[in-house]
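Coordinates as given in protein34.txt (compact mmCIF, C-alpha atoms):
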```txt
# COMPACT_ATOMS: atom_id res chain seq x y z
CA MET A 22 6.28 -36.08 -25.40
CA GLU A 23 3.90 -37.25 -28.10
CA PHE A 24 0.43 -38.73 -27.99
CA SER A 25 -2.43 -39.24 -30.44
CA LEU A 26 -6.02 -40.35 -30.02
CA SER A 27 -9.19 -40.85 -32.01
CA GLY A 28 -12.77 -42.12 -31.76
CA ASN A 29 -14.43 -42.17 -28.34
CA ALA A 30 -11.16 -41.29 -26.61
CA LEU A 31 -11.01 -38.06 -28.62
CA LYS A 32 -14.56 -37.17 -27.52
CA THR A 33 -13.66 -37.77 -23.87
CA PHE A 34 -10.50 -35.70 -24.27
CA ALA A 35 -12.48 -32.79 -25.74
CA ARG A 36 -15.02 -32.97 -22.89
CA SER A 37 -12.15 -32.93 -20.38
CA VAL A 38 -10.63 -29.79 -21.90
CA THR A 39 -14.04 -28.06 -21.93
CA CYS A 40 -14.63 -28.88 -18.26
CA LEU A 41 -11.14 -27.71 -17.26
CA ALA A 42 -11.65 -24.45 -19.15
CA ARG A 43 -14.76 -23.71 -17.05
CA ILE A 44 -12.68 -24.06 -13.86
CA GLY A 45 -9.39 -22.28 -14.60
CA HIS A 46 -7.47 -20.37 -17.27
CA GLU A 47 -4.18 -22.27 -17.46
CA LEU A 48 -3.60 -25.99 -18.01
CA ALA A 49 -0.60 -27.60 -16.34
CA ILE A 50 0.48 -30.85 -18.03
CA ARG A 51 2.59 -33.51 -16.34
CA ALA A 52 3.51 -36.59 -18.34
CA SER A 53 5.29 -39.72 -17.15
CA PRO A 54 5.61 -43.17 -18.77
CA SER A 55 2.69 -44.44 -16.67
CA LEU A 56 0.32 -41.43 -16.55
CA LEU A 57 -0.67 -38.15 -18.23
CA THR A 58 -2.16 -35.61 -15.81
CA PHE A 59 -3.93 -32.31 -16.46
CA HIS A 60 -4.21 -29.75 -13.62
CA THR A 61 -5.96 -26.40 -13.34
CA LEU A 62 -6.51 -24.00 -10.43
CA ASN A 63 -8.71 -20.90 -10.48
CA SER A 64 -7.31 -17.47 -9.61
CA SER A 65 -8.91 -17.35 -6.16
CA ARG A 66 -7.47 -20.77 -5.21
CA SER A 67 -10.95 -22.01 -4.31
CA ALA A 68 -11.43 -24.53 -7.14
CA TYR A 69 -8.98 -27.19 -8.32
CA GLN A 70 -9.48 -29.91 -10.91
CA THR A 71 -7.29 -32.73 -12.13
CA ILE A 72 -7.88 -35.28 -14.90
CA THR A 73 -5.56 -38.27 -15.42
CA PHE A 74 -5.19 -40.54 -18.45
CA LYS A 75 -3.53 -43.95 -18.59
CA PRO A 76 -1.31 -44.87 -21.56
CA ASP A 77 -3.92 -47.29 -22.97
CA PHE A 78 -6.32 -44.33 -23.33
CA PHE A 79 -4.27 -43.16 -26.34
CA ASP A 80 -3.55 -44.69 -29.72
CA VAL A 81 0.09 -43.60 -29.39
CA TYR A 82 1.77 -42.45 -26.17
CA THR A 83 5.52 -41.75 -26.03
CA ILE A 84 7.49 -39.99 -23.30
CA SER A 85 11.23 -39.35 -23.52
CA GLY A 86 12.71 -39.27 -20.05
CA ALA A 87 11.26 -39.84 -16.61
CA GLN A 88 8.90 -36.85 -16.64
CA VAL A 89 7.82 -33.98 -18.89
CA GLN A 90 5.81 -30.99 -17.74
CA CYS A 91 4.61 -27.72 -19.24
CA SER A 92 1.60 -25.39 -19.14
CA VAL A 93 -0.56 -23.79 -21.84
CA LEU A 94 -3.62 -21.54 -21.97
CA LEU A 95 -6.86 -23.50 -21.92
CA LYS A 96 -8.61 -21.12 -24.28
CA ALA A 97 -5.91 -21.76 -26.86
CA ILE A 98 -6.64 -25.49 -26.70
CA CYS A 99 -10.37 -24.80 -26.90
CA SER A 100 -9.76 -22.88 -30.11
CA VAL A 101 -8.00 -25.93 -31.58
CA LEU A 102 -11.02 -28.09 -30.73
CA ARG A 103 -13.51 -25.71 -32.33
CA THR A 104 -13.44 -28.03 -35.34
CA PRO A 105 -16.40 -30.44 -34.88
CA ILE A 106 -15.19 -33.66 -33.27
CA SER A 107 -17.31 -35.69 -35.69
CA SER A 108 -15.15 -34.41 -38.58
CA ILE A 109 -11.78 -35.21 -36.91
CA ASP A 110 -10.16 -38.54 -37.63
CA ALA A 111 -7.30 -38.16 -35.13
CA LEU A 112 -5.56 -35.62 -32.89
CA ASN A 113 -1.80 -35.60 -32.46
CA VAL A 114 0.05 -33.57 -29.79
CA LEU A 115 3.82 -33.15 -29.92
CA LEU A 116 6.31 -31.45 -27.59
CA PRO A 117 9.68 -32.03 -29.33
CA ASN A 118 11.75 -31.70 -26.15
CA GLN A 119 11.52 -30.50 -22.57
CA ASP A 120 12.75 -27.00 -23.47
CA ALA A 121 10.59 -26.51 -26.59
CA PRO A 122 8.79 -23.14 -26.54
CA LYS A 123 5.65 -24.41 -28.31
CA VAL A 124 3.42 -27.47 -28.38
CA GLN A 125 2.22 -28.66 -31.78
CA TRP A 126 -1.41 -29.77 -32.09
CA THR A 127 -2.37 -31.46 -35.37
CA LEU A 128 -5.88 -32.37 -36.50
CA ASN A 129 -6.32 -34.97 -39.25
CA CYS A 130 -9.81 -34.51 -40.68
CA TYR A 131 -11.90 -37.05 -42.59
CA ASN A 132 -12.03 -34.81 -45.66
CA GLY A 133 -8.24 -35.04 -46.03
CA LEU A 134 -7.52 -31.62 -44.52
CA LYS A 135 -4.75 -31.39 -41.94
CA LYS A 136 -4.72 -28.48 -39.48
CA ALA A 137 -1.63 -27.67 -37.43
CA TYR A 138 -1.46 -25.29 -34.45
CA TRP A 139 1.52 -24.18 -32.38
CA ILE A 140 0.62 -23.05 -28.86
CA THR A 141 3.15 -21.19 -26.72
CA CYS A 142 3.88 -23.00 -23.48
CA ASN A 143 5.67 -22.42 -20.21
CA VAL A 144 8.16 -25.24 -19.76
CA GLU A 145 8.56 -24.65 -16.01
CA PRO A 146 5.01 -24.60 -14.60
CA VAL A 147 4.20 -24.63 -10.91
CA ILE A 148 2.07 -27.78 -10.53
CA GLN A 149 0.15 -27.82 -7.26
CA HIS A 150 -2.03 -30.35 -5.48
CA PRO A 151 -4.59 -29.98 -2.67
CA SER A 152 -3.73 -31.82 0.53
CA LEU A 153 -6.92 -33.85 0.60
CA ASP A 154 -7.57 -37.57 1.00
CA ARG A 155 -11.07 -38.67 -0.01
CA ARG A 156 -10.85 -41.71 2.26
CA LYS A 157 -10.74 -39.42 5.32
CA LEU A 158 -13.99 -37.61 4.48
CA PRO A 159 -16.76 -39.26 6.54
CA SER A 160 -19.83 -38.30 4.46
CA ASN A 161 -20.38 -39.23 0.83
CA PHE A 162 -23.07 -40.03 -1.70
CA VAL A 163 -23.29 -41.19 -5.30
CA VAL A 164 -25.87 -39.75 -7.68
CA ARG A 165 -26.61 -40.28 -11.37
CA PRO A 166 -25.99 -37.16 -13.50
CA ARG A 167 -29.51 -37.14 -14.97
CA ASP A 168 -31.02 -37.32 -11.48
CA LEU A 169 -28.81 -34.53 -10.16
CA SER A 170 -29.60 -32.42 -13.22
CA ARG A 171 -33.32 -32.93 -12.56
CA LEU A 172 -32.92 -31.93 -8.91
CA LEU A 173 -30.92 -28.81 -9.75
CA GLY A 174 -33.57 -27.86 -12.29
CA ASN A 175 -35.76 -26.77 -9.36
CA PHE A 176 -33.38 -23.89 -8.61
CA GLN A 177 -32.97 -20.59 -10.40
CA THR A 178 -30.38 -20.54 -13.17
CA THR A 179 -28.83 -17.41 -11.62
CA LEU A 180 -28.11 -19.15 -8.30
CA GLN A 181 -24.42 -18.80 -7.45
CA GLU A 182 -24.08 -20.95 -4.30
CA ILE A 183 -26.01 -23.99 -3.11
CA THR A 184 -26.16 -25.59 0.35
CA ILE A 185 -26.34 -29.36 0.89
CA ILE A 186 -27.45 -30.58 4.33
CA ALA A 187 -26.86 -34.24 5.24
CA THR A 188 -28.49 -35.99 8.21
CA GLU A 189 -28.59 -39.55 9.46
CA PRO A 190 -31.88 -41.13 8.26
CA ASN A 191 -32.58 -43.09 11.44
CA ALA A 192 -31.64 -40.19 13.74
CA LEU A 193 -34.64 -38.00 12.91
CA PRO A 194 -37.18 -37.29 15.67
CA PRO A 195 -40.49 -39.17 15.25
CA ASP A 196 -42.50 -36.06 14.35
CA ALA A 197 -39.96 -34.88 11.78
CA GLU A 198 -39.68 -38.37 10.28
CA SER A 199 -43.41 -38.54 9.69
CA GLU A 200 -43.36 -35.02 8.25
CA ILE A 201 -40.64 -35.44 5.64
CA GLY A 202 -40.91 -39.19 5.11
CA GLY A 203 -37.26 -40.23 5.47
CA LYS A 204 -35.89 -37.38 3.36
CA ALA A 205 -32.50 -37.12 5.05
CA VAL A 206 -30.81 -34.79 2.53
CA GLU A 207 -31.72 -31.19 1.77
CA PHE A 208 -30.67 -29.00 -1.13
CA ARG A 209 -31.12 -25.30 -0.32
CA SER A 210 -30.47 -22.00 -2.04
CA TYR A 211 -27.75 -20.13 -0.18
CA MET A 212 -29.31 -17.27 1.77
CA ASP A 213 -26.97 -14.36 2.42
CA PRO A 214 -27.37 -13.42 6.11
CA THR A 215 -26.24 -9.84 5.41
CA LYS A 216 -29.26 -9.10 3.21
CA ASP A 217 -32.23 -8.15 5.34
CA ASN A 218 -34.58 -7.54 2.40
CA ASP A 219 -33.50 -10.21 -0.07
CA SER A 220 -36.23 -10.47 -2.71
CA SER A 221 -34.69 -13.33 -4.70
CA LEU A 222 -36.37 -16.72 -4.82
CA HIS A 223 -35.13 -19.26 -2.25
CA THR A 224 -35.73 -22.96 -2.83
CA GLN A 225 -35.55 -25.86 -0.35
CA LEU A 226 -35.62 -29.42 -1.68
CA TRP A 227 -35.87 -32.43 0.64
CA ILE A 228 -34.52 -35.69 -0.81
CA ASP A 229 -34.93 -39.33 0.12
CA PRO A 230 -31.46 -40.89 -0.43
CA THR A 231 -32.93 -44.33 -1.07
CA GLU A 232 -34.91 -42.99 -4.02
CA GLU A 233 -32.59 -40.40 -5.60
CA PHE A 234 -29.07 -41.59 -4.73
CA VAL A 235 -27.20 -44.72 -5.75
CA GLN A 236 -25.29 -44.69 -2.47
CA TYR A 237 -25.48 -42.56 0.70
CA THR A 238 -23.26 -42.62 3.79
CA HIS A 239 -23.58 -40.28 6.76
CA SER A 240 -23.62 -40.84 10.51
CA GLY A 241 -23.70 -38.55 13.50
CA ASP A 242 -24.85 -34.95 13.72
CA PRO A 243 -26.22 -33.10 10.67
CA VAL A 244 -23.63 -31.28 8.57
CA ASP A 245 -23.92 -28.75 5.76
CA ILE A 246 -21.67 -27.43 3.00
CA THR A 247 -22.14 -24.38 0.75
CA PHE A 248 -20.22 -24.14 -2.52
CA GLY A 249 -20.38 -22.66 -6.03
CA MET A 250 -22.91 -23.77 -8.64
CA LYS A 251 -20.77 -22.85 -11.65
CA GLU A 252 -18.14 -25.51 -10.99
CA LEU A 253 -20.76 -28.07 -9.98
CA LYS A 254 -22.60 -27.64 -13.30
CA ALA A 255 -19.33 -27.90 -15.25
CA PHE A 256 -18.44 -31.22 -13.60
CA LEU A 257 -22.03 -32.43 -13.95
CA SER A 258 -21.93 -31.82 -17.70
CA PHE A 259 -18.61 -33.68 -17.95
CA CYS A 260 -19.87 -36.75 -16.07
CA GLU A 261 -23.19 -36.75 -17.92
CA ALA A 262 -21.41 -36.73 -21.30
CA CYS A 263 -19.08 -39.54 -20.13
CA GLU A 264 -22.11 -41.49 -18.79
CA VAL A 265 -20.67 -42.02 -15.31
CA ASP A 266 -22.12 -41.36 -11.85
CA ILE A 267 -20.80 -38.59 -9.57
CA HIS A 268 -19.32 -39.37 -6.15
CA PHE A 269 -19.41 -36.53 -3.57
CA TYR A 270 -17.09 -36.57 -0.52
CA PHE A 271 -17.39 -33.96 2.26
CA GLU A 272 -17.16 -33.38 6.02
CA LYS A 273 -18.65 -30.07 7.22
CA ALA A 274 -18.89 -26.34 6.54
CA GLY A 275 -15.49 -24.77 5.93
CA GLU A 276 -13.92 -28.07 4.79
CA PRO A 277 -13.51 -28.69 1.05
CA ILE A 278 -15.83 -30.93 -0.95
CA LEU A 279 -14.44 -33.41 -3.46
CA MET A 280 -16.26 -34.73 -6.54
CA ALA A 281 -15.11 -37.66 -8.65
CA PRO A 282 -16.61 -39.96 -11.31
CA LYS A 283 -17.96 -43.27 -10.05
CA PHE A 284 -17.22 -45.87 -12.70
CA GLY A 285 -18.16 -49.02 -10.78
CA LEU A 286 -17.20 -51.22 -7.87
CA ASP A 287 -13.52 -51.07 -8.80
CA ASP A 288 -12.84 -47.75 -10.48
CA CYS A 289 -9.13 -48.33 -11.00
CA SER A 290 -9.53 -51.48 -13.09
CA ILE A 291 -12.57 -50.38 -15.11
CA SER A 292 -11.59 -46.97 -16.51
CA ASN A 293 -8.47 -45.73 -18.26
CA PHE A 294 -9.06 -42.14 -17.08
CA ASP A 295 -10.09 -40.44 -13.85
CA ALA A 296 -10.99 -36.96 -12.63
CA ALA A 297 -11.39 -35.02 -9.40
CA LEU A 298 -12.82 -31.60 -8.58
CA VAL A 299 -12.10 -29.97 -5.21
CA LEU A 300 -14.06 -26.88 -4.13
CA ALA A 301 -13.68 -24.66 -1.09
CA THR A 302 -16.85 -24.22 0.96
CA MET A 303 -18.32 -21.37 2.99
CA LEU A 304 -16.91 -21.08 6.49
CA ALA A 305 -20.32 -20.22 7.96
CA SER A 306 -22.75 -23.06 8.66
CA GLN A 307 -26.37 -22.65 7.58
CA LEU A 308 -27.75 -25.12 10.14
CA HIS A 309 -27.92 -22.71 13.08
CA GLY A 310 -28.83 -19.39 11.55
CA GLY A 311 -25.50 -18.97 9.76
CA SER A 312 -23.33 -19.41 12.86
CA SER A 313 -19.64 -19.76 12.15
CA ALA A 314 -18.23 -23.25 11.69
CA VAL A 315 -14.73 -22.06 12.56
CA PRO A 316 -13.44 -22.82 16.10
CA PRO A 317 -12.99 -19.76 18.36
CA THR A 318 -9.19 -19.90 18.11
CA GLU A 319 -9.33 -19.84 14.33
CA ALA A 320 -11.97 -17.13 14.32
CA ALA A 321 -9.73 -14.98 16.49
CA GLN A 322 -6.95 -15.35 13.94
CA HIS A 323 -9.22 -13.74 11.35
CA GLY A 324 -9.68 -10.66 13.55
CA GLN A 325 -13.32 -11.18 14.51
CA GLY A 326 -15.70 -14.11 14.11
CA SER A 327 -17.89 -14.20 11.05
CA ARG A 328 -20.92 -13.35 13.19
CA GLY A 329 -19.22 -10.20 14.47
CA VAL A 330 -18.30 -9.19 10.94
CA ARG A 331 -21.87 -9.71 9.75
CA ALA A 332 -23.25 -7.72 12.68
CA GLU A 333 -20.98 -4.80 11.91
CA ALA A 334 -21.86 -4.94 8.23
CA GLN A 335 -25.59 -5.02 8.95
CA GLU A 336 -25.25 -2.04 11.28
CA ARG A 337 -23.33 -0.12 8.61
CA SER A 338 -25.91 -1.12 6.02
CA ARG A 339 -28.76 0.23 8.16
CA SER A 340 -26.92 3.50 8.76
CA ASN A 341 -26.19 3.90 5.05
CA MET A 342 -29.78 3.18 4.10
CA SER A 343 -31.09 5.73 6.58
CA ASP A 344 -28.93 8.48 5.09
CA HIS A 345 -30.14 8.13 1.51
CA PRO A 346 -33.46 7.90 -0.33
CA SER A 347 -34.84 4.51 -1.30
CA ASP A 348 -33.48 2.68 -4.34
CA HIS A 349 -36.89 2.93 -6.04
CA THR A 350 -36.84 6.72 -5.80
CA LYS A 351 -33.33 6.94 -7.19
CA ILE A 352 -34.02 4.55 -10.06
CA TRP A 353 -37.25 6.31 -11.02
CA SER A 354 -35.64 9.74 -10.95
CA ASP A 355 -32.79 8.52 -13.15
CA LEU A 356 -35.12 6.89 -15.67
CA SER A 357 -37.51 9.82 -15.82
CA GLY A 358 -34.73 12.43 -16.03
CA SER A 359 -36.50 14.53 -13.39
CA ALA A 360 -33.48 14.84 -11.11
CA ALA A 361 -32.12 18.37 -10.83
CA LYS A 362 -28.77 19.07 -12.41
CA SER A 363 -27.56 20.58 -9.16
CA ASN A 364 -27.89 17.15 -7.53
CA ASN A 365 -25.68 15.33 -10.03
CA GLY A 366 -22.71 15.45 -7.70
CA GLY A 367 -24.77 14.08 -4.82
CA ASP A 368 -26.16 11.28 -7.00
CA ASP A 369 -22.66 10.28 -8.03
CA ARG A 370 -21.53 10.16 -4.42
CA GLN A 371 -24.65 8.17 -3.48
CA ALA A 372 -24.05 5.66 -6.31
CA GLN A 373 -20.45 5.23 -5.19
CA ARG A 374 -21.53 4.61 -1.59
CA GLU A 375 -24.06 2.02 -2.73
CA ARG A 376 -21.45 0.25 -4.83
CA ASN A 377 -19.10 0.17 -1.85
CA GLN A 378 -21.89 -1.24 0.28
CA THR A 379 -22.56 -4.03 -2.24
CA ILE A 380 -18.87 -4.94 -2.40
CA GLU A 381 -18.69 -4.93 1.39
CA GLN A 382 -21.62 -7.34 1.66
CA ARG A 383 -20.06 -9.71 -0.87
CA GLU A 384 -16.79 -9.67 1.05
CA ILE A 385 -18.54 -10.96 4.14
CA GLN A 386 -19.33 -14.22 2.36
CA ARG A 387 -15.98 -15.63 3.35
CA ILE A 388 -15.02 -18.79 1.50
CA GLY A 389 -12.35 -21.09 2.92
CA ALA A 390 -9.51 -21.21 0.38
CA LEU A 391 -8.08 -24.60 -0.47
CA ASP A 392 -4.82 -25.70 1.12
CA ILE A 393 -2.64 -26.06 -1.98
CA SER A 394 0.83 -27.59 -1.83
CA LYS A 395 3.49 -27.88 -4.52
CA ASP A 396 4.59 -31.15 -6.06
CA GLY A 397 1.93 -33.16 -4.28
CA THR A 398 3.36 -32.74 -0.75
CA SER A 399 0.80 -32.99 2.03
CA ASN A 400 0.19 -30.55 4.85
CA ASP A 401 0.32 -32.40 8.17
CA ALA A 402 -0.95 -29.37 10.09
CA HIS A 403 -4.35 -29.81 8.46
CA GLY A 404 -4.41 -33.57 8.77
CA GLY A 405 -4.60 -34.00 5.00
CA ARG A 406 -7.56 -31.62 4.59
CA GLY A 407 -7.40 -28.32 2.73
CA VAL A 408 -9.37 -25.74 4.71
CA HIS A 409 -7.94 -22.28 5.27
CA GLY A 410 -5.39 -21.05 2.73
CA GLU A 411 -3.08 -18.08 2.96
CA ALA A 412 -4.76 -16.27 0.07
CA SER A 413 -6.73 -13.18 1.01
CA GLN A 414 -10.43 -13.95 1.43
CA HIS A 415 -11.58 -10.34 1.47
CA HIS A 416 -10.81 -9.23 -2.09
CA PRO A 417 -13.80 -9.36 -4.49
CA SER A 418 -11.79 -11.46 -6.98
CA ASN A 419 -11.38 -14.26 -4.44
CA TRP A 420 -14.82 -15.77 -4.94
CA VAL A 421 -15.61 -19.01 -6.61
CA ASP A 422 -17.77 -17.17 -9.17
CA ALA A 423 -15.18 -14.48 -9.89
CA ASP A 424 -13.97 -16.35 -12.98
CA GLU A 425 -17.44 -16.19 -14.50
CA ASP A 426 -17.36 -12.39 -14.50
CA GLU A 427 -13.82 -12.38 -15.82
CA ASP A 428 -14.85 -14.67 -18.68
CA GLU A 429 -17.59 -12.26 -19.72
CA ASP A 430 -15.29 -9.25 -19.57
CA ASP A 431 -12.45 -10.91 -21.45
CA ASP A 432 -14.45 -12.40 -24.34
CA GLU A 433 -13.57 -9.55 -26.69
CA GLY A 434 -9.87 -9.59 -25.86
CA ASP A 435 -9.38 -13.36 -26.00
CA GLU A 436 -9.16 -13.56 -29.77
CA ALA A 437 -6.36 -10.99 -29.91
CA ASP A 438 -4.44 -12.81 -27.19
CA LEU A 439 -4.94 -16.11 -28.94
CA CYS A 440 -3.30 -14.82 -32.12
CA VAL A 441 -0.21 -14.03 -30.10
CA GLN A 442 -0.16 -17.37 -28.28
CA SER A 443 -0.69 -19.67 -31.25
CA THR A 444 0.00 -19.61 -34.97
CA PRO A 445 -2.64 -21.65 -36.78
CA PRO A 446 -1.44 -22.31 -40.32
CA CYS A 447 -3.34 -24.94 -42.28
CA TYR A 448 -1.98 -27.03 -45.08
CA GLU A 449 -3.21 -29.91 -47.13
CA GLU A 450 -1.41 -33.12 -47.84
```

As C-alpha cells:
Amino acid sequence: MEFSLSGNALKTFARSVTCLARIGHELAIRASPSLLTFHTLNSSRSAYQTITFKPDFFDVYTISGAQVQCSVLLKAICSVLRTPISSIDALNVLLPNQDAPKVQWTLNCYNGLKKAYWITCNVEPVIQHPSLDRRKLPSNFVVRPRDLSRLLGNFQTTLQEITIIATEPNALPPDAESEIGGKAVEFRSYMDPTKDNDSSLHTQLWIDPTEEFVQYTHSGDPVDITFGMKELKAFLSFCEACEVDIHFYFEKAGEPILMAPKFGLDDCSISNFDAALVLATMLASQLHGGSSAVPPTEAAQHGQGSRGVRAEAQERSRSNMSDHPSDHTKIWSDLSGSAAKSNNGGDDRQAQRERNQTIEQREIQRIGALDISKDGTSNDAHGGRGVHGEASQHHPSNWVDADEDEDEDDDEGDEADLCVQSTPPCYEE
C-alpha cells in the first residue's frame, strides 16, 4: 500500500486524523483498490467514527492485492503531523507489504528538508462496524457548523452531555405554539436525576428549525436523545474546517445518533471523501421526568429499571448525607487546619465514602453501548440499529467522556510511548 497527497487534500487528511484522535486511541486502516477507510472506536464502545477516501482524493494511490489492513496509534500519526501543514509540500505513506511491521510516513517540506517516520503497526487489526443504517432513522436535521457553534456557545464549556428534543412543528397545542413561536427543537443541558442539590447552571434553548436549520424532518410524538459533548465538538470542528454542513440522524432515547457531513443534493458524486460519527445515547428519556426509554422486558434484563436504580441510589445518598457533616464544614476544616489529629482516620473514611458515593451516582447514568459487529456484518436482532451492547455499562471507564480523563492523565507518558512506537530520523536530500 502506498499513497501520497498534497495541497488541500493534505489539509483535509490532517483534519481527519485530528478528529479521529479525539474519538479513539487506535486507527484501523483498510485499503482496497476502490476505497481507503479509517476506523476508530473508543474504549467504552460508545463512540465510533469512520472516514473514507476515494482514490481520486490522492495524488498517488497504489494497492497490491485485493485488500490491505493494519492499525497504528493515532497519537503517533499526530506527532508526524506536528510539522505545520503550510510548510509541507507532500505526504507519502508506504506499507511495503501486508506483513510489514512498520508503516513509513515521509514529509517533503518546501525548504528541501525530508522527514521520515516509521510507526509500528498491527498487521491483523480487528476492524468493526456498527449495525446502523441511516436511512432507517426517522428523524434528521441539517445545520451549518457556524450556526451550531453559535447555538452551543450558550452552554457552559464544562458541559459533558447535551439533550436534543425534537417535536413536530404543526403538532404543538395552540397555547404552546403562541408561547414559543414555532420553536419545535430544544437543546437542553443534561440534568442528572440523582443529584437533588445540583448547583451547576442548566440551559434550555428553543430553536425554530426554519430559521436555524437547513433541513428538518420529524413526525409523530416528541423524542429526545442525550449524548456526549466532547465527540460532538470534535466532529463540529472537522466539518467547520472542511466547510460542509452536518447531518444528524436519530430515533429516540437509547438508540444511537449518527452524524455525517452534508455535501449537497448528491453527496456521493460531489465529494471524494466521506465521514460518519455514531454515538450511543442515554437510555433514560428526559421528556417525562427522566423515565426509562427501555421496554419493561429489556429493563428486567438489566436487573431493575433505571427508575428503580435511581430511587435506590437517592435513598442511599440521603442516608450517607445524614451520617456525615456537610461538605462545607469538611472543606473549611481542611483548609483552616482546625481539624483534630485524632479525627484524621474518620476524615479519611468519610472522604472514601464520599468518593464511592460520587462514583455510584455516575454509574447510574447508564449509556446504551453501540452494537458493534466485525467485518461489517449486521445484527438482525436489532433491526440494523445499535442499541444495547454486551459491554458492561456500570464501570466508570465506560462513559463517553472517559477518554477525556484518560487523555489528561496520559499526557506525560505519551512521549515515552511514542519513542518506542516510532523512530523519527530526519535526513536531507

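The interatomic distance for the pair CA of Ile185 in chain A and CA of Asn63 in chain A works out to 22.6 Å.
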
Could you tell me how far CA of His223 in chain A sits from CA of Tyr270 in chain A, in Å to one decimal place?
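Going from CA of Tyr270 in chain A over to CA of His223 in chain A covers 25.1 Å.
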
Residues at most 10 Å from Pro54 in chain A, counting all atoms listed in the file, excluding those fewer than 3 positions away in the same chain, as an MDAnalysis selection string?
chainID A and resid 22 57 75:76 82:89

Selection export as a PDB file, in the frame of the given file, atoms kept: C-alpha atoms:
```
ATOM      1  CA  MET A  22       6.280 -36.080 -25.400  1.00  0.00           C
ATOM      2  CA  LEU A  57      -0.670 -38.150 -18.230  1.00  0.00           C
ATOM      3  CA  LYS A  75      -3.530 -43.950 -18.590  1.00  0.00           C
ATOM      4  CA  PRO A  76      -1.310 -44.870 -21.560  1.00  0.00           C
ATOM      5  CA  TYR A  82       1.770 -42.450 -26.170  1.00  0.00           C
ATOM      6  CA  THR A  83       5.520 -41.750 -26.030  1.00  0.00           C
ATOM      7  CA  ILE A  84       7.490 -39.990 -23.300  1.00  0.00           C
ATOM      8  CA  SER A  85      11.230 -39.350 -23.520  1.00  0.00           C
ATOM      9  CA  GLY A  86      12.710 -39.270 -20.050  1.00  0.00           C
ATOM     10  CA  ALA A  87      11.260 -39.840 -16.610  1.00  0.00           C
ATOM     11  CA  GLN A  88       8.900 -36.850 -16.640  1.00  0.00           C
ATOM     12  CA  VAL A  89       7.820 -33.980 -18.890  1.00  0.00           C
TER      13      VAL A  89
END
```

Two-atom distance - CA of Phe162 in chain A, CA of Glu207 in chain A (Å):
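Atom-to-atom, CA of Phe162 in chain A to CA of Glu207 in chain A, that is 12.8 Å.
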
Nearest candidate to Ser160 in chain A (options A:Val147, A:Ala97, A:Ile246, A:Leu304; using only C-alpha atoms):
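The answer is A:Ile246, which sits nearest to Ser160 in chain A.
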
Nearby residues (only C-alpha atoms) at most 7 Å from Tyr211 in chain A, same-chain spacing under 5 positions excluded, as a list in words
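The residues satisfying every condition are Glu182, Ile183 and Thr184 of chain A.
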
Using all atoms listed in the file, give me every residue within 7 Å of (-4.7, -19.8, -15.6) in file coordinates, as a list in words.
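Looking at atoms near the point gives Gly45, His46, Glu47, Leu48, Leu62, Asn63, Ser64 and Leu94 of chain A.
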
Which of these, A:Ala187, A:Val93, A:Gln181, A:Gly249, has the shortest distance to Ile140 in chain A once you count all atoms listed in the file?
A:Val93

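Nearest to Glu233 in chain A of all the residues A:Cys130, A:Leu300, A:Val163, A:Ile267 is A:Val163, based on only C-alpha atoms.
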
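Of the listed residues A:Met303, A:Leu102, A:Ile228, A:Ile186, the one whose atoms come nearest to Lys204 in chain A is A:Ile228, with distances taken using only C-alpha atoms.
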
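With distances taken over all atoms listed in the file, A:Leu56 is the one residue among A:Ile106, A:Val299, A:Leu158, A:Leu56 lying closest to Phe74 in chain A.
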
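Ranking A:Glu272, A:Cys142, A:Phe176, A:Met280 by their shortest atom-to-atom distance to Ala255 in chain A, with only C-alpha atoms included, puts A:Met280 first.
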
Name the residues in contact with Lys273 in chain A at a cut-off of 7 Å, using all atoms listed in the file, excluding same-chain residues fewer than 2 positions from it; report them as a list in words.
Val244, Asp245, Ile246, Phe271, Gly275 and Glu276 of chain A

Do you know which residues lie at most 7 Å from (-25.9, -34.3, 10.4), with coordinates as in the file and all atoms listed in the file counted, and could you write them as a ChimeraX atom specification?
/A:187-189,240-244
